[in-house]
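Engineer: Just so it is clear, I am handing over work-v7.cif, which has mmCIF, C-alpha atoms.
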data_target
#
loop_
_atom_site.label_atom_id
_atom_site.label_comp_id
_atom_site.auth_asym_id
_atom_site.auth_seq_id
_atom_site.Cartn_x
_atom_site.Cartn_y
_atom_site.Cartn_z
CA MET Q 1029 110.87 95.97 110.75
CA LYS Q 1030 113.29 98.45 109.16
CA VAL Q 1031 112.19 102.02 108.57
CA LEU Q 1032 114.48 103.59 105.97
CA ASP Q 1033 114.84 107.18 104.84
CA LEU Q 1034 114.83 107.17 101.04
CA ARG Q 1035 115.24 109.76 98.29
CA CYS Q 1036 114.64 109.71 94.54
CA THR Q 1037 116.84 111.39 91.92
CA HIS Q 1038 114.49 114.40 91.93
CA GLY Q 1039 115.17 115.03 95.62
CA HIS Q 1040 111.84 113.84 97.02
CA GLY Q 1041 112.40 112.36 100.46
CA PHE Q 1042 110.16 109.65 101.87
CA GLU Q 1043 110.10 106.76 104.30
CA GLY Q 1044 109.99 103.06 103.43
CA TRP Q 1045 109.18 100.14 105.74
CA PHE Q 1046 110.85 96.81 105.01
CA ALA Q 1047 111.20 93.47 106.76
CA SER Q 1048 114.99 93.68 106.49
CA ASN Q 1049 117.83 95.32 104.57
CA GLU Q 1050 117.82 92.30 102.26
CA ALA Q 1051 114.11 92.82 101.54
CA PHE Q 1052 114.81 96.46 100.64
CA ASP Q 1053 117.74 95.49 98.38
CA SER Q 1054 115.64 92.82 96.66
CA GLN Q 1055 112.67 95.13 96.08
CA LEU Q 1056 114.95 97.94 94.89
CA ALA Q 1057 116.68 95.62 92.39
CA SER Q 1058 113.27 94.48 91.10
CA GLY Q 1059 112.13 98.08 90.58
CA LEU Q 1060 109.38 97.78 93.19
CA VAL Q 1061 110.51 100.73 95.30
CA GLU Q 1062 109.32 104.00 93.79
CA CYS Q 1063 108.92 107.60 94.84
CA PRO Q 1064 105.33 108.29 95.94
CA VAL Q 1065 105.51 111.78 94.45
CA CYS Q 1066 106.95 111.25 90.96
CA GLY Q 1067 107.14 107.47 90.52
CA ASP Q 1068 110.93 107.46 90.02
CA THR Q 1069 112.49 104.05 90.71
CA ALA Q 1070 116.08 105.32 91.03
CA ILE Q 1071 116.01 105.37 94.82
CA VAL Q 1072 118.88 105.80 97.27
CA LYS Q 1073 118.91 104.94 100.94
CA LEU Q 1074 119.94 107.83 103.18
CA LEU Q 1075 121.94 107.51 106.35
CA SER Q 1076 119.78 107.53 109.43
CA ALA Q 1077 120.30 107.04 113.11
CA PRO Q 1078 119.02 103.77 114.54
CA ARG Q 1079 116.05 103.95 116.86
CA LEU Q 1080 116.91 102.47 120.21
CA ASN Q 1081 114.11 101.46 122.53
CA LEU Q 1082 115.57 102.13 125.95
CA SER Q 1083 112.46 102.13 128.07
CA ASN Q 1084 114.40 101.37 131.26
CA ALA Q 1085 117.04 104.04 130.66
CA LYS Q 1086 117.04 107.10 132.90
CA ALA Q 1087 117.93 110.59 131.81
CA PRO Q 1088 121.32 111.76 133.11
CA LYS Q 1089 121.19 114.37 135.87
CA GLU Q 1090 122.66 117.73 135.08
CA GLU Q 1091 124.43 119.32 138.03
CA GLY Q 1092 124.40 123.03 138.74
CA ARG Q 1093 121.41 123.94 136.63
CA GLY Q 1094 117.99 125.22 137.58
CA ASP Q 1095 114.65 123.42 137.38
CA ALA Q 1096 114.22 124.46 133.74
CA ALA Q 1097 117.24 122.41 132.71
CA ARG Q 1098 115.89 119.31 134.47
CA ALA Q 1099 112.38 119.63 133.03
CA PRO Q 1100 111.81 117.26 130.13
CA ALA Q 1101 111.21 118.84 126.77
CA ALA Q 1102 107.59 118.96 125.72
CA PRO Q 1103 106.87 116.20 123.20
CA ALA Q 1104 105.79 117.21 119.74
CA THR Q 1105 102.05 117.06 119.42
CA PRO Q 1106 100.44 115.31 116.47
CA SER Q 1107 99.11 118.66 115.24
CA THR Q 1108 102.60 120.16 115.06
CA GLN Q 1109 103.93 117.08 113.31
CA VAL Q 1110 101.12 117.17 110.74
CA SER Q 1111 101.44 120.89 110.08
CA ALA Q 1112 105.21 120.62 109.61
CA SER Q 1113 104.90 117.77 107.11
CA SER Q 1114 101.86 119.19 105.33
CA THR Q 1115 103.79 122.32 104.38
CA SER Q 1116 106.51 120.40 102.56
CA PRO Q 1117 106.54 120.79 98.77
CA GLU Q 1118 105.76 117.09 98.36
CA ALA Q 1119 102.71 117.31 100.62
CA ARG Q 1120 101.41 120.40 98.80
CA TRP Q 1121 101.94 118.66 95.44
CA MET Q 1122 100.05 115.55 96.58
CA ARG Q 1123 97.14 117.69 97.85
CA ALA Q 1124 97.00 119.55 94.52
CA VAL Q 1125 97.04 116.33 92.50
CA ARG Q 1126 94.31 114.81 94.71
CA GLU Q 1127 92.17 117.91 94.14
CA VAL Q 1128 92.66 117.69 90.37
CA LEU Q 1129 91.71 114.01 90.44
CA ALA Q 1130 88.59 114.76 92.48
CA LYS Q 1131 87.42 117.60 90.25
CA THR Q 1132 88.11 116.21 86.78
CA GLU Q 1133 86.80 113.39 84.61
CA ASP Q 1134 89.25 110.79 83.32
CA VAL Q 1135 88.66 110.46 79.57
CA GLY Q 1136 91.69 108.23 79.02
CA ASP Q 1137 93.16 108.16 75.53
CA ARG Q 1138 90.20 110.22 74.18
CA PHE Q 1139 91.73 113.34 75.79
CA ALA Q 1140 92.68 115.13 72.54
CA ASP Q 1141 89.26 114.50 70.97
CA GLU Q 1142 87.36 115.61 74.10
CA ALA Q 1143 89.51 118.76 74.45
CA ARG Q 1144 88.78 119.68 70.81
CA LYS Q 1145 85.03 119.09 71.22
CA MET Q 1146 84.96 121.43 74.22
CA HIS Q 1147 87.14 124.04 72.52
CA TYR Q 1148 84.94 124.18 69.44
CA GLY Q 1149 81.68 124.18 71.44
CA GLU Q 1150 80.50 120.70 70.44
CA THR Q 1151 80.20 119.64 74.12
CA ALA Q 1152 79.89 121.49 77.41
CA GLU Q 1153 83.11 122.55 79.04
CA ARG Q 1154 84.23 120.49 82.03
CA GLY Q 1155 87.43 119.52 83.73
CA ILE Q 1156 89.03 116.54 82.03
CA ARG Q 1157 92.25 114.58 82.28
CA GLY Q 1158 93.67 111.76 80.24
CA GLN Q 1159 96.55 110.66 78.07
CA ALA Q 1160 97.83 112.32 74.92
CA THR Q 1161 100.87 111.61 72.80
CA PRO Q 1162 103.48 114.35 72.38
CA GLU Q 1163 102.21 114.83 68.81
CA GLN Q 1164 98.61 115.21 69.99
CA THR Q 1165 99.69 117.68 72.67
CA GLU Q 1166 101.62 119.75 70.10
CA ALA Q 1167 98.62 119.77 67.75
CA LEU Q 1168 96.29 120.91 70.55
CA LEU Q 1169 98.66 123.74 71.46
CA ASP Q 1170 98.94 124.76 67.77
CA GLU Q 1171 95.12 125.02 67.65
CA GLY Q 1172 95.17 127.30 70.67
CA ILE Q 1173 93.81 124.68 73.07
CA PRO Q 1174 95.60 125.01 76.42
CA VAL Q 1175 96.84 121.70 77.84
CA MET Q 1176 99.25 120.86 80.61
CA ALA Q 1177 101.09 117.67 81.51
CA LEU Q 1178 100.30 116.42 84.99
CA PRO Q 1179 102.35 113.47 86.20
CA ILE Q 1180 100.17 111.52 88.62
CA PRO Q 1181 102.01 109.45 91.23
CA ALA Q 1182 101.20 105.75 91.05
CA ALA Q 1183 100.10 105.81 94.69
CA LEU Q 1184 97.19 108.09 93.75
CA LYS Q 1185 96.06 106.01 90.76
CA GLU Q 1186 94.81 103.21 92.98
CA THR Q 1187 92.61 103.19 96.04
CA LEU Q 1188 94.45 102.80 99.33
CA GLN Q 1189 93.52 99.85 101.50
#
For the file at hand, write its structure as structure tokens.
Structural biologist:
Amino acid sequence: MKVLDLRCTHGHGFEGWFASNEAFDSQLASGLVECPVCGDTAIVKLLSAPRLNLSNAKAPKEEGRGDAARAPAAPATPSTQVSASSTSPEARWMRAVREVLAKTEDVGDRFADEARKMHYGETAERGIRGQATPEQTEALLDEGIPVMALPIPAALKETLQ
């Protein structure tokens, strides 16, 4: 199993797991590798150090130092690893998008009509999301109806298994 450090053209870094380098190259060429944040398929592989499993290796002794120098460094705890990664911009963005998905109704391609009905008091106001063409978005803005584009990563559109 190969664990690769990857990055999209927007600078989002992420990890990908592949059976081999050939599997990565094949999936990349087919457009199957995409950024989990923005869905970009223009992905580059970053240089990374190989992980060597040296379970029988012993740490070299350092001469002339005190006990503190010989003491092994404390391993990172899962809580410190989670807090460090959860503060990244990508993690904050994913949390925000998940919250929007949880608190809004997907009205699909009826978005412009539903937004107008709410704006003009024909239906109760509620949080909605959906698809609108650039022309529909422009018309809504001209009518004074606030809308905002929200790109939803493909990974959040489906349930994880």
Engineer: Using all atoms listed in the file, what residues lie at most 10 Å away from (116.2, 114.5, 92.8) (file coordinates), given as a short mmCIF file (atom, residue, chain, number, x, y, z; two decimals) with C-alpha atoms, keeping the file's coordinate frame?
Structural biologist:
data_model
loop_
_atom_site.label_atom_id
_atom_site.label_comp_id
_atom_site.auth_asym_id
_atom_site.auth_seq_id
_atom_site.Cartn_x
_atom_site.Cartn_y
_atom_site.Cartn_z
CA ARG Q 1035 115.24 109.76 98.29
CA CYS Q 1036 114.64 109.71 94.54
CA THR Q 1037 116.84 111.39 91.92
CA HIS Q 1038 114.49 114.40 91.93
CA GLY Q 1039 115.17 115.03 95.62
CA HIS Q 1040 111.84 113.84 97.02
CA GLY Q 1041 112.40 112.36 100.46
CA CYS Q 1066 106.95 111.25 90.96
CA ASP Q 1068 110.93 107.46 90.02
CA ALA Q 1070 116.08 105.32 91.03
CA ILE Q 1071 116.01 105.37 94.82
#
Engineer: If you measure from CA of Phe1139 in chain Q to CA of Gly1155 in chain Q, what distance in Å do you get, rounded to one decimal?
Structural biologist: 10.9 Å
Engineer: Can you translate the PyMOL selection byres ((chain Q and resi 1160-1163) around 8) into the concrete residues it hits in this file, as a count of residues only?
Structural biologist: 10
Engineer: Which is closest to Leu1178 in chain Q among Q:Arg1157, Q:Lys1073, Q:Arg1120, Q:Arg1144, if we use all atoms listed in the file?
Structural biologist: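 Of Q:Arg1157, Q:Lys1073, Q:Arg1120, Q:Arg1144, the one nearest Leu1178 in chain Q, counting all atoms listed in the file, is Q:Arg1157.
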Engineer: Which of these, Q:Arg1154, Q:Met1122, Q:Pro1181, Q:Asp1141, has the shortest distance to Leu1168 in chain Q once you count all atoms listed in the file?
Structural biologist: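 Under the stated criterion, the closest residue is Q:Asp1141.
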Engineer: I'd like to know which of Q:Glu1153, Q:Val1072, Q:Glu1142, Q:Glu1127 is closest to Gly1044 in chain Q, using all atoms listed in the file.
Structural biologist: Q:Val1072
Engineer: Between CA of Met1029 in chain Q and CA of Glu1050 in chain Q, what is the distance, to one decimal in Å?
Structural biologist: 11.6 Å
Engineer: Evaluate the PyMOL selection byres ((chain Q and resi 1052) around 12) here and jot the selected residues down as an MDAnalysis selection string.
Structural biologist: chainID Q and resid 1029:1034 1043:1051 1053:1062 1071:1073
Engineer: May I ask for the distance between CA of Tyr1148 in chain Q and CA of Val1128 in chain Q, given in Å to one decimal place?
Structural biologist: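 According to the coordinates, CA of Tyr1148 in chain Q and CA of Val1128 in chain Q are separated by 23.2 Å.
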